[in-house]
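Here the structure is laid out as structure tokens; the discussion comes afterwards.
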Amino acid sequence: MTGQRRALIIGGSLGGLFAAHLLRNDGWKVDVFERVAQPLAGRGAGIVTHAELFAALRRCGVPIEDGIGVEVQARFTLDASGRTIGEFPLRQTLTSWGKLYALLRDGFPDAHYHQDACLERIEQKRAGVTACFADGRRIEGDLLVGADGIRSSVRSQLASATVPLYAGYIAWRGLVDEAAVPATLHAQIFEKFAFCLPPGEQMLGYPVAGAENSTQRGHRRYNFVWYRPAAEETALADLLTDEQGHRHEVSIPPPLIRRDVVSRMREDAGRLLAPQFAELVKLTEQPFFQPIYDVESTQLVFGRVALLGDAAFVARPHVGMGVSKAAEDAVALADALRSEVAFDQALQLYQTQRLAFGAAVVARARHLGAYMQAQIKTASEREMAERYRTPAAVMSETATPHSMWQTS
């Protein structure tokens, strides 16, 4: 290839922006295409950071300041009465999707970030790749990166057999403004990474950046994630049905969740959770839930197209690595393309490296989520999963760095 190479990034969330920054820094002409017409800022909730995430941000040229997140020093587990039954020292920085998105988006030129761009099909020739959009645009490039998430339109065209597989449980999520948290509750839980383990379920929470991505004391938020079993054809189907009786196929927008569903969830919180968590659930203005899925690709490169982030692999949130893995994918792709090998060989190098890692992360997440999944299975499967249910095991294995991973 001669002249400046051009990369087309499909998906304008965090994975796409990491790839866009890194390739642009290496001299590529880069355009990002996001199917959503509205600004993405403000989406998502809490994120556990890892060293690899910070390394990727530095490679992108994004300044890492003290206010990038909220630091905690330890984890602890509460029983149903609110008593501490376990502690585990672990220093971590916790942030929010919105905070990271703002940092990456602000550093990328508006002229090359295109919203309301719905990909219809991909055309490839030996000399290049063309992205064809619903509005009639045909954009040519040397490389197309599919970074368009769990329901990737890129993946669906090139690897239609790779689909999200429901894990058998959901995650209720919520954010509570620090200013709304009573002083006594704040002192008990706000500055900590906390867990609660009701029968067959798991609750965790930690502080993150607040409105306008503020990490100043008094302006932060507390993020919680509550894993609950939900059989696909019964409980999940009911949860995904709105007030008008329409069943949503994959997820349901928070405002459309039925009031009785939210009311039952709050009642269950009061009955099952530590009082501290139950109060946080009560204080949450707009709780929402996400069905938990696995996505495991067997191929990441298709000619001049490469998948990364959630378009390639989706691991359950227990590993706390969704954003870090996407960032590492982008770094690996950029490094492969910088190597002194032919273009197709560079892409194959990327695929070899990230297939192995992605599969390991998915396997690790399945292991950590086995307890919730087992609740809709047999008694023997539930008993086996119970072995990994102690507070010590949960605190030492959930959302921890690679170096702390243990195998069973």
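The way I read the labels, and the way they are meant: chains A, B, ... in the order of the structure tokens, residue 1 as the first residue of every chain, and ligand 1 as the first ligand shown, with later ones counted on from there.
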
Q.
For the strand (DSSP E) assignment from backbone DSSP, which residues of region 234-328 of chain A qualify? Please present them as number ranges by chain.
A. A: 288-296, 301-302, 305-307, 313-314

Export of the given selection (C-alpha atoms) as a tab-separated table (two decimals), in the first residue's frame:
chain	number	residue	atom	x	y	z
A	288	PHE	CA	-32.34	-0.95	35.35
A	289	PHE	CA	-31.29	-4.49	34.54
A	290	GLN	CA	-29.14	-6.26	31.98
A	291	PRO	CA	-29.50	-9.91	30.97
A	292	ILE	CA	-26.07	-11.53	31.23
A	293	TYR	CA	-24.65	-13.05	28.05
A	294	ASP	CA	-21.51	-14.80	26.85
A	295	VAL	CA	-20.03	-14.15	23.40
A	296	GLU	CA	-17.04	-16.24	22.32
A	301	VAL	CA	-10.10	-11.46	11.23
A	302	PHE	CA	-11.99	-11.68	7.95
A	305	VAL	CA	-11.90	-6.69	8.80
A	306	ALA	CA	-10.95	-7.19	12.46
A	307	LEU	CA	-13.25	-7.53	15.49
A	313	PHE	CA	-15.82	-11.51	23.12
A	314	VAL	CA	-18.25	-10.65	25.89

Counting only C-alpha atoms, what is within 9 Å of Glu243 (chain A), bar same-chain residues fewer than 5 positions away, as a CSV table (one decimal) with N, CA and C atoms, in the first residue's frame?
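To be explicit, this is the file written out as around09.csv:
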chain,number,residue,atom,x,y,z
A,256,LEU,N,-39.0,2.0,30.4
A,256,LEU,CA,-40.1,1.1,30.0
A,256,LEU,C,-40.2,-0.1,30.9
A,257,ILE,N,-39.3,-0.3,31.9
A,257,ILE,CA,-39.5,-1.4,32.9
A,257,ILE,C,-40.7,-1.2,33.7
A,258,ARG,N,-41.6,-2.2,33.8
A,258,ARG,CA,-42.9,-2.0,34.4
A,258,ARG,C,-42.7,-1.6,35.9
A,259,ARG,N,-43.6,-0.9,36.4
A,259,ARG,CA,-43.5,-0.4,37.8
A,259,ARG,C,-43.6,-1.6,38.8

Q: Pick out the residues sitting within 10 Å of Arg316 (chain A), and hand them over as a PyMOL selection string; count only C-alpha atoms, and ignore anything fewer than 2 positions along from it in its own chain.
A: chain A and resi 167+292-295+313-314+318-322+361-369

Q: List the neighbours of Ser396 (chain A) out to 10 Å using only C-alpha atoms; skip same-chain residues closer than 5 positions along the sequence, and give me the result as a list in words.
A: Arg75, Glu87, Phe88, Pro89, Leu90, Pro391, Met404, Trp405 and Gln406 of chain A

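Distance check against Pro401 (chain A) using only C-alpha atoms: of A:Arg5, A:His50, A:Arg266, A:Arg59, the minimum falls on A:His50.
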
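Look at Gln38 (chain A): the protein and nucleic acid residues within 10 Å of it, using only C-alpha atoms and passing over chain neighbours fewer than 3 places away, are Glu34, Arg35, Ala41, Gln115 and Asp116 of chain A.
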
Keeping only N, CA and C atoms, write those residues as a PDB file, in the first residue's frame.
ATOM      1  N   GLU A  34     -20.688   5.730  14.335  1.00  0.00           N
ATOM      2  CA  GLU A  34     -21.535   5.295  15.442  1.00  0.00           C
ATOM      3  C   GLU A  34     -22.988   5.315  14.999  1.00  0.00           C
ATOM      4  N   ARG A  35     -23.695   4.204  15.189  1.00  0.00           N
ATOM      5  CA  ARG A  35     -25.070   4.111  14.694  1.00  0.00           C
ATOM      6  C   ARG A  35     -26.069   4.960  15.475  1.00  0.00           C
ATOM      7  N   ALA A  41     -22.456  10.210  25.717  1.00  0.00           N
ATOM      8  CA  ALA A  41     -22.010  10.583  27.060  1.00  0.00           C
ATOM      9  C   ALA A  41     -23.119  10.357  28.069  1.00  0.00           C
ATOM     10  N   GLN A 115     -21.973  10.243  13.712  1.00  0.00           N
ATOM     11  CA  GLN A 115     -23.096   9.582  14.380  1.00  0.00           C
ATOM     12  C   GLN A 115     -24.241   9.366  13.403  1.00  0.00           C
ATOM     13  N   ASP A 116     -25.216   8.587  13.839  1.00  0.00           N
ATOM     14  CA  ASP A 116     -26.363   8.218  12.999  1.00  0.00           C
ATOM     15  C   ASP A 116     -25.866   7.541  11.725  1.00  0.00           C
TER      16      ASP A 116
END

Q: For Ala312 (chain A), work out the shell of residues within 9 Å, counting only C-alpha atoms and skipping chain neighbours fewer than 6 positions away, then give it as a PyMOL selection string.
A: chain A and resi 146-147+149-150+152+155+295-300+306+355+358

Restricting it to C-alpha atoms, dump the selection as an mmCIF file, in the first residue's frame.
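Saved result, again28.cif, follows:
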data_model
loop_
_atom_site.group_PDB
_atom_site.id
_atom_site.type_symbol
_atom_site.label_atom_id
_atom_site.label_comp_id
_atom_site.auth_asym_id
_atom_site.auth_seq_id
_atom_site.Cartn_x
_atom_site.Cartn_y
_atom_site.Cartn_z
ATOM 1 C CA GLY A 146 -15.752 -3.940 14.109
ATOM 2 C CA ALA A 147 -16.044 -2.392 17.569
ATOM 3 C CA GLY A 149 -20.627 -4.155 20.747
ATOM 4 C CA ILE A 150 -22.421 -7.302 21.797
ATOM 5 C CA SER A 152 -22.286 -6.270 16.387
ATOM 6 C CA ARG A 155 -19.875 -9.788 13.341
ATOM 7 C CA VAL A 295 -20.033 -14.154 23.403
ATOM 8 C CA GLU A 296 -17.043 -16.237 22.316
ATOM 9 C CA SER A 297 -15.636 -15.810 18.826
ATOM 10 C CA THR A 298 -13.573 -18.439 17.036
ATOM 11 C CA GLN A 299 -12.328 -15.979 14.391
ATOM 12 C CA LEU A 300 -11.504 -12.272 14.670
ATOM 13 C CA ALA A 306 -10.951 -7.191 12.459
ATOM 14 C CA LEU A 355 -8.353 -15.279 20.488
ATOM 15 C CA GLY A 358 -10.517 -13.580 24.952
#

Q.
If I take CA of Leu103 (chain A) and CA of Gly61 (chain A), how far is one from the other in Å, to one decimal?
A. 10.1 Å

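Proximity ranking of A:Ser251, A:Thr84, A:Asn223, A:Thr390 relative to Leu283 (chain A) places A:Asn223 first, based on only C-alpha atoms.
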